[in-house]
Amino acid sequence: MSLDVPAVDMRTYLAHVELANPVTTAAGCAGTGRELSQFFDLGRLGAHTTRTITMAPRAGRPTPRMTETPSGLLNAVGLQGPGIEAFLGRELPWLAQRSIRTVVSIGGGSVAEYTALARRLADAPGVTAIEVNLACPNIEDRGRVFARDGAASAEVVASVRSVTRYDVPVVAKLSPDVTDVVAVARACVDGGADALSMINNPLGVCIDVDTLRPALAAVSGGLSGPAVRPLAVRCVWQVHAALPGVPIVGVGGVMTGRDAFELILAGACAVAVGTALFHDPLAAVRILKELEDALAARGFQRLADAVGLAHRPPGSGSRHLEESSL
Amino acid sequence: MSLDVPAVDMRTYLAHVELANPVTTAAGCAGTGRELSQFFDLGRLGAHTTRTITMAPRAGRPTPRMTETPSGLLNAVGLQGPGIEAFLGRELPWLAQRSIRTVVSIGGGSVAEYTALARRLADAPGVTAIEVNLACPNIEDRGRVFARDGAASAEVVASVRSVTRYDVPVVAKLSPDVTDVVAVARACVDGGADALSMINNPLGVCIDVDTLRPALAAVSGGLSGPAVRPLAVRCVWQVHAALPGVPIVGVGGVMTGRDAFELILAGACAVAVGTALFHDPLAAVRILKELEDALAARGFQRLADAVGLAHRPPGSGSRHLEESSL
Amino acid sequence: MGGSPQQVTGTVLTTRRVDAYHALTVVAPGIAERFRPGHFVSVSVGGPGTSMVTRRALAVHDVKPDYGGTVEFVVAVRGPGTAWLADRRARDTLDLVGPLGRPFPLPRDPVNCVLVGGEYGSATLFALADALQRRHCRVDFVLGAAAADRVFGALRARRVGETTTLTTEDGSLGLRGRVADVLPGVVTDVHADVIYACGPMAMLREVTAVGIDFDIPVQVAVEEAMACGIGVCMTCVLPVIGDDGVTRMVRACADGPVFRGERVRFEDVGTIPFDALGAPGGGGSARHVT
Amino acid sequence: MGGSPQQVTGTVLTTRRVDAYHALTVVAPGIAERFRPGHFVSVSVGGPGTSMVTRRALAVHDVKPDYGGTVEFVVAVRGPGTAWLADRRARDTLDLVGPLGRPFPLPRDPVNCVLVGGEYGSATLFALADALQRRHCRVDFVLGAAAADRVFGALRARRVGETTTLTTEDGSLGLRGRVADVLPGVVTDVHADVIYACGPMAMLREVTAVGIDFDIPVQVAVEEAMACGIGVCMTCVLPVIGDDGVTRMVRACADGPVFRGERVRFEDVGTIPFDALGAPGGGGSARHVT
Ligand SMILES: Cc1cc2nc3c(=O)[nH]c(=O)nc-3n(C[C@H](O)[C@H](O)[C@H](O)COP(=O)(O)OP(=O)(O)OC[C@H]3O[C@@H](n4cnc5c(N)ncnc54)[C@H](O)[C@@H]3O)c2cc1C
Ligand SMILES: Cc1cc2nc3c(=O)[nH]c(=O)nc-3n(C[C@H](O)[C@H](O)[C@H](O)COP(=O)(O)OP(=O)(O)OC[C@H]3O[C@@H](n4cnc5c(N)ncnc54)[C@H](O)[C@@H]3O)c2cc1C
Ligand SMILES: Cc1cc2nc3c(=O)[nH]c(=O)nc-3n(C[C@H](O)[C@H](O)[C@H](O)COP(=O)(O)O)c2cc1C
Ligand SMILES: Cc1cc2nc3c(=O)[nH]c(=O)nc-3n(C[C@H](O)[C@H](O)[C@H](O)COP(=O)(O)O)c2cc1C
Ligand code: FES
Ligand code: FES
């Protein structure tokens, strides 16, 4: 930081857990942590979020798993990962030894599976928070994704909350592909979520006009990157307006400090960086610096003062988002 | 067309109405038709879609009404328009005199208003089809957007259908901001929709990090342009898979003939061009030409043979889209 | 209007820095031959693979007959699109649409005209001055900006106009203050019959107020954020009072950018005035009742 | 590996056309000094305001000590990113990350090596040849492509290798056919101890089959669509059999791009083999049961 820029207090809170700063990696976008640590010290971030950990090892989806879209990326990795045992044996200890704040993302096909995962994490050292990836198909509801159903989401969250230590916040990660994201958010909070993370990838399809077939082997995939940022900002805005006391991790298309600032002004108290890491291994630390500079340049002394500020124009009440632009 | 490229039969059908080719303008993106006709003969397109016509004149939303987003545009015009009387008096006759195939988009705040609009159109000459813009807030349901509720959408469609001449197809225009677009599509078809148009703009928000306020006066707006294309292709794919007999107008981020081809391969039999017209007044005719060339280059003799083709890989059954990339 | 607009791929002939601005001259015969003072063009920015989907509106500063017809515009870097334009070099190509909008109406008689420009808004006034002088009008300039390097065209104004008055807010050039501070004096001195103005909205409002005080017409060329520039997107609207006294939200691009100053409801720009045609709650005289 | 990868802004030193390819030499000391044969780099494409969010992976063709260290790569235009790269000129800058991936393992002893390259895949073999020759290995080349202008590096191979055999599918250069058609003859003639190969997947599969026939090791450098190149996105996977006999979906970028050919399940690329670790339905030996 240059001498003429006053330091900004970047601390933030995920419920009662203090993070040194609001920038985290996004689930599934930062590998095991080891890969990025070739480029910078992961401990400089507010937290590292793991890929979504499942009970059994998962081989994921066939390739092609990715295709580029305008200002975006469509992916269908399919939660490839080592399973909880290998995660606890090899990945978490590596992070814990380095005192890297770690948000563990979990995913399952049933309430029982999520709960079992949370139980396995309960006595593992080094778990800063649990993020419940609700974008998983519920095998007990014909594969309907939990995140699309407030009640199912709430059930998962409540169960995970009940087996998790009181000092480990449970973060519910929501999808934008719903009719009413506020209703799902409210259900999760009522179910015991200490914080919310949004957005997971909206579902997209690309067709390869040369092969005349879908570009991804899985046909559909999750859209990420700058293309989805307006959707992420909208979800954060709506949920913060409805539930102003709930901490929100803003995720979606953050490539620069300005983008992170946008989510913060909309109501996020932390920001996760996903696709940007693919383009720029140093993205997360760069974004942190840019965000700090942007805050300082506008006279903010504390990040906390900027959270949700766009809702409160000087001299007027909070504005409510209408459902349509009509 | 160059001599060595064989002509492709570009005719397509919106239900029983034949269009000379599949390229139309998207609702609200082509003004009254007069503006674009400074650049090319609108009659060369499959059809021109009007802005959404409302009962009363509408002044729309305050400015700023637009902001650019990565590969997209966020707008909140708010259906500014002259109202049905002025439309019937000044706009439709101009189009009809030039024999421009015209899809009239209508929007209202209640079933009764949609119905009244359709009635006013029933004896107007020059209406090729009626597109029901369901992305309007239902004043009888606390402003909830019709398109977010299958039953409300179906009610509108059924009522419009009942007062519309049998030879004028009713097209239901759907929004992607729903948990289950197939359910809404099915409800509309059951309600009597002859065709579906998708997607209308997903809702987005941008914050201006200098003013610390939303970039749009209306706070939220509709996202359009290439950024949303993967969402449009996904909706078309899902609905075509579920309702293969229903004609679909694909809309969303079509900038080139390849993009149009993508929607057609996913299941659209017509393609509407919106945001591209802002960038390139000649976009629609260019896209038509590029699409025809793309079809010819791949040996297609008829556009109809390409519709939905990506669902049917040679030698295998139709692939079903799963709800999640997990 | 000067005939229907064209979409052309123009080659950049020259680029130069002019104080805080970048001037680009582009070969674009189809546009040059149709140009009338007050017209603007829209430019595609970002090149192949860009994430920028909308064109940028730019006033035409100059039209010359070289190479079949060139247009020059003057760019102030504001965001990514104008930054990209400022990086263009000779021989690059630019995709232009124009001429767009309604040009300035010209008086039939040889009257005294004061041309008021703020920042790069002055750029559009020089072709106008030529046209006025060809009609034997007297032309005086009042140009202003925040600081000296943002006053555009002072030298040319001095060459072309009978008098030129300059203002800067920081006093770094001419008089300290705003154009509207000095305008009444100029209007009085030159016995102005009409004012033409182009610049920021706040300036246009103040200039219009001066015109109203002196009871002389003011023609303003407004600037509103535009997505299409050709009248189809309805994003560039502002409240303007029509001949019938009804306020409508009209398009700056296709119904303007030139308006009679006193018809523009400057105080209400950025709102839908309650009495505008079609305002929520039923504004305007033509509200339809079912 | 050759030390941790760097992100650097490199300046393009020279660009040249080489038959169907574009060769770019970029000043990138941090990368050059860490480079080992088989490494690749990833390049940001499209410039400011681009809509392309992922980097492009490129093999390093050559590393030179000039200007503190340069890397050269050879680009075949495939889509918009490589088209943009082909348009770069001297003095442009490029954002590079590298060196990435696991390099080719080098034999301890002076053995006979056949280096097989398909299309631009040959590019990666020349630094390897140098390293092998420094270890007193014999190097012979087999290079192939669809047509003459797509065979990369034939001249250099002739200069460097003991022998060089060329194939093209249309017969426009060397023997008509594919590299695998001539490879058995070369392996026999030169008493090859090991094969190194880089090129399209189909070629690598055929080359591996030859190696298996002759019971000699094959090191293949694979190509898979990559979003990150650094091992975090999991998009570039292919089924590879581990030392424990278990098939895993491993990352071409971080676990490869170099693999033992016989370990790669070429027939199953693009699928999840039913017996892979974590396959749906419970593949692999390590399936977890609750
Ligand atoms: C009739 C007219 C004439 C103009 N003439 C000139 C000129 O001669 N020289 C000059 O430097 N500028 C001129 N402008 C302003 C210029 O169009 C904007 O500065 C430019 O569009 C900003 O683009 P950007 O990418 O730098 O900024 P961004 O803020 O990133 O632009 C984002 C989007 O908003 C739109 N936008 C933002 N501000 C404006 C604005 N003020 N006017 C129109 N669109 C806007 C852009 O078109 C783009 O779609 C003129 C505007 C109008 C309407
Ligand atoms: C280890 C490795 C080394 C390579 N070395 C070279 C080389 O030396 N010269 C060369 O010309 N090409 C090389 N390639 C292939 C090159 O990366 C692709 O041709 C390029 O990414 C295509 O980008 P595009 O924008 O032209 O095409 P697009 O098809 O538009 O690319 C879209 C997206 O898909 C990815 N992608 C598509 N095809 C490939 C592919 N085959 N490999 C990796 N990513 C892909 C791109 O990264 C991008 O994200 C290499 C690939 C790998 C994995
Ligand atoms: C390749 C890839 C893999 C992802 N894997 C996961 C995952 O395992 N769990 C999860 O909750 N989200 C996952 N996500 C979603 C991201 O965490 C993030 O919510 C989304 O990509 C939007 O942020 P971005 O635009 O910054 O990438 C993944 C995204 C990508 C692109
Ligand atoms: C400025 C603007 C105005 C629009 N107005 C309407 C409208 O009046 N009625 C409607 O059904 N859709 C409207 N739309 C949505 C478009 O018709 C289209 O569904 C959407 O923009 C996606 O297509 P695109 O990406 O090609 O623009 C509008 C879109 C834009 C950008
Ligand atoms: S900018 Fe589109 S209507 Fe004026
Ligand atoms: S390209 Fe991302 S893990 Fe290999």
# chains A, B, ... in the order shown; residues from 1 in each chain; ligands from 1
$ residues_around --residues "stretch 69-76 of chain D" --least-positions-apart "2" --cutoff "6 Å" --atoms "only C-alpha atoms" --output "list of chain:residue names"
D:Tyr21, D:His22, D:Ala23, D:Leu24, D:Thr25, D:Val26, D:Val27, D:Ala28, D:Pro29, D:Ala32, D:Val60, D:His61, D:Asp62, D:Val63, D:Lys64, D:Pro65, D:Asp66, D:Tyr67
$ write_last_selection --atoms "N, CA and C atoms" --output "mmCIF file, in the first residue's frame"
data_model
loop_
_atom_site.group_PDB
_atom_site.id
_atom_site.type_symbol
_atom_site.label_atom_id
_atom_site.label_comp_id
_atom_site.auth_asym_id
_atom_site.auth_seq_id
_atom_site.Cartn_x
_atom_site.Cartn_y
_atom_site.Cartn_z
ATOM 1 N N TYR D 21 1.610 -22.186 -39.606
ATOM 2 C CA TYR D 21 1.667 -21.767 -38.203
ATOM 3 C C TYR D 21 2.225 -20.366 -38.024
ATOM 4 N N HIS D 22 2.005 -19.830 -36.837
ATOM 5 C CA HIS D 22 2.548 -18.535 -36.454
ATOM 6 C C HIS D 22 3.471 -18.759 -35.266
ATOM 7 N N ALA D 23 4.720 -18.350 -35.410
ATOM 8 C CA ALA D 23 5.673 -18.514 -34.316
ATOM 9 C C ALA D 23 5.871 -17.162 -33.643
ATOM 10 N N LEU D 24 5.721 -17.134 -32.325
ATOM 11 C CA LEU D 24 5.906 -15.900 -31.564
ATOM 12 C C LEU D 24 7.030 -16.100 -30.566
ATOM 13 N N THR D 25 7.969 -15.178 -30.549
ATOM 14 C CA THR D 25 9.027 -15.201 -29.540
ATOM 15 C C THR D 25 8.762 -14.070 -28.565
ATOM 16 N N VAL D 26 8.739 -14.406 -27.290
ATOM 17 C CA VAL D 26 8.323 -13.462 -26.268
ATOM 18 C C VAL D 26 9.394 -13.399 -25.184
ATOM 19 N N VAL D 27 9.719 -12.196 -24.765
ATOM 20 C CA VAL D 27 10.689 -12.024 -23.682
ATOM 21 C C VAL D 27 9.993 -12.353 -22.364
ATOM 22 N N ALA D 28 10.481 -13.374 -21.685
ATOM 23 C CA ALA D 28 9.838 -13.818 -20.454
ATOM 24 C C ALA D 28 10.870 -14.540 -19.592
ATOM 25 N N PRO D 29 11.810 -13.765 -19.031
ATOM 26 C CA PRO D 29 12.940 -14.379 -18.319
ATOM 27 C C PRO D 29 12.493 -15.358 -17.231
ATOM 28 N N ALA D 32 11.490 -18.542 -18.909
ATOM 29 C CA ALA D 32 12.579 -19.199 -19.650
ATOM 30 C C ALA D 32 13.530 -19.921 -18.701
ATOM 31 N N VAL D 60 5.894 -24.852 -25.270
ATOM 32 C CA VAL D 60 7.057 -24.006 -25.503
ATOM 33 C C VAL D 60 7.930 -24.696 -26.541
ATOM 34 N N HIS D 61 8.162 -23.998 -27.618
ATOM 35 C CA HIS D 61 8.954 -24.571 -28.702
ATOM 36 C C HIS D 61 10.445 -24.393 -28.432
ATOM 37 N N ASP D 62 10.784 -23.195 -28.002
ATOM 38 C CA ASP D 62 12.196 -22.891 -27.862
ATOM 39 C C ASP D 62 12.401 -21.925 -26.714
ATOM 40 N N VAL D 63 13.513 -22.033 -26.066
ATOM 41 C CA VAL D 63 13.885 -21.096 -25.022
ATOM 42 C C VAL D 63 15.267 -20.589 -25.373
ATOM 43 N N LYS D 64 15.451 -19.261 -25.352
ATOM 44 C CA LYS D 64 16.759 -18.698 -25.692
ATOM 45 C C LYS D 64 17.186 -17.733 -24.597
ATOM 46 N N PRO D 65 18.488 -17.530 -24.466
ATOM 47 C CA PRO D 65 18.942 -16.655 -23.387
ATOM 48 C C PRO D 65 18.840 -15.162 -23.708
ATOM 49 N N ASP D 66 18.517 -14.797 -24.957
ATOM 50 C CA ASP D 66 18.461 -13.375 -25.338
ATOM 51 C C ASP D 66 17.551 -12.588 -24.399
ATOM 52 N N TYR D 67 17.912 -11.333 -24.181
ATOM 53 C CA TYR D 67 17.100 -10.411 -23.371
ATOM 54 C C TYR D 67 16.728 -10.996 -22.018
#
$ residues_near_ligand --ligand "ligand 6" --cutoff "9 Å" --atoms "only C-alpha atoms and all ligand atoms" --output "number ranges by chain"
A: 29, 31, 278; D: 57, 224-237, 250-256
$ residues_around --residues "D:Ala202" --least-positions-apart "5" --cutoff "10 Å" --atoms "only C-alpha atoms" --output "ChimeraX atom specification"
/D:118,207-208,266-267
$ select_by_dssp --residues "stretch 71-190 of chain C" --states "strand (DSSP E or B)" --output "VMD selection string"
chain C and resid 71 to 75 93 to 100 102 112 to 118 138 to 145 164 to 168 175 to 176
$ residues_around --residues "B:Arg234" --least-positions-apart "6" --cutoff "8 Å" --atoms "only C-alpha atoms" --output "list of chain:residue names"
A:Leu203, A:Gly204, A:Val205, A:Cys206, A:Ser220, B:Ala266
$ closest_atom_pairs --of "chain D" --to "chain C" --cutoff "9 Å" --atoms "only C-alpha atoms" --output "tab-separated table"
residue	atom	partner	partner_atom	distance
D:Gly46	CA	C:Gly49	CA	6.6
D:Gly47	CA	C:Thr50	CA	8.7
D:Pro48	CA	C:Gly46	CA	8.2
D:Gly49	CA	C:Ser51	CA	5.7
D:Thr50	CA	C:Thr50	CA	4.4
D:Ser51	CA	C:Ser51	CA	4.4
D:Met52	CA	C:Gly49	CA	7.1
D:Pro80	CA	C:Gly49	CA	7.3
D:Gly81	CA	C:Gly49	CA	8.7
D:Trp84	CA	C:Pro48	CA	8.6
$ write_last_selection --atoms "C-alpha atoms" --output "PDB file, in the first residue's frame"
ATOM      1  CA  GLY D  46      -8.179 -10.830 -26.462  1.00  0.00           C
ATOM      2  CA  GLY D  47      -6.710  -7.785 -24.755  1.00  0.00           C
ATOM      3  CA  PRO D  48      -8.556  -5.277 -22.552  1.00  0.00           C
ATOM      4  CA  GLY D  49     -12.315  -5.568 -22.638  1.00  0.00           C
ATOM      5  CA  THR D  50     -12.244  -9.008 -24.178  1.00  0.00           C
ATOM      6  CA  SER D  51     -15.097 -11.462 -23.789  1.00  0.00           C
ATOM      7  CA  MET D  52     -12.643 -14.394 -23.596  1.00  0.00           C
ATOM      8  CA  PRO D  80     -10.905 -16.691 -31.720  1.00  0.00           C
ATOM      9  CA  GLY D  81      -8.122 -16.950 -29.121  1.00  0.00           C
ATOM     10  CA  TRP D  84      -5.933 -13.132 -31.792  1.00  0.00           C
TER      11      TRP D  84
END
$ closest_residue --among "A:Gln301, A:Asn133, A:Thr32, A:Thr25" --to "A:Thr275" --atoms "only C-alpha atoms"
A:Thr25
$ closest_residue --among "B:Ala112, B:Cys136, B:Ala151, B:Ile207" --to "chain C" --atoms "only C-alpha atoms"
B:Ala112
$ atom_distance --atom1 "atom CA of C:Val222" --atom2 "atom 22 (C, counted along the ligand's line) of ligand 1"
14.3 Å
$ select_by_dssp --residues "stretch 50-270 of chain A" --states "helix (DSSP H, G or I)" --output "number ranges by chain"
A: 83-97, 111-122, 139-141, 146-148, 150-163, 181-190, 226-242, 257-266
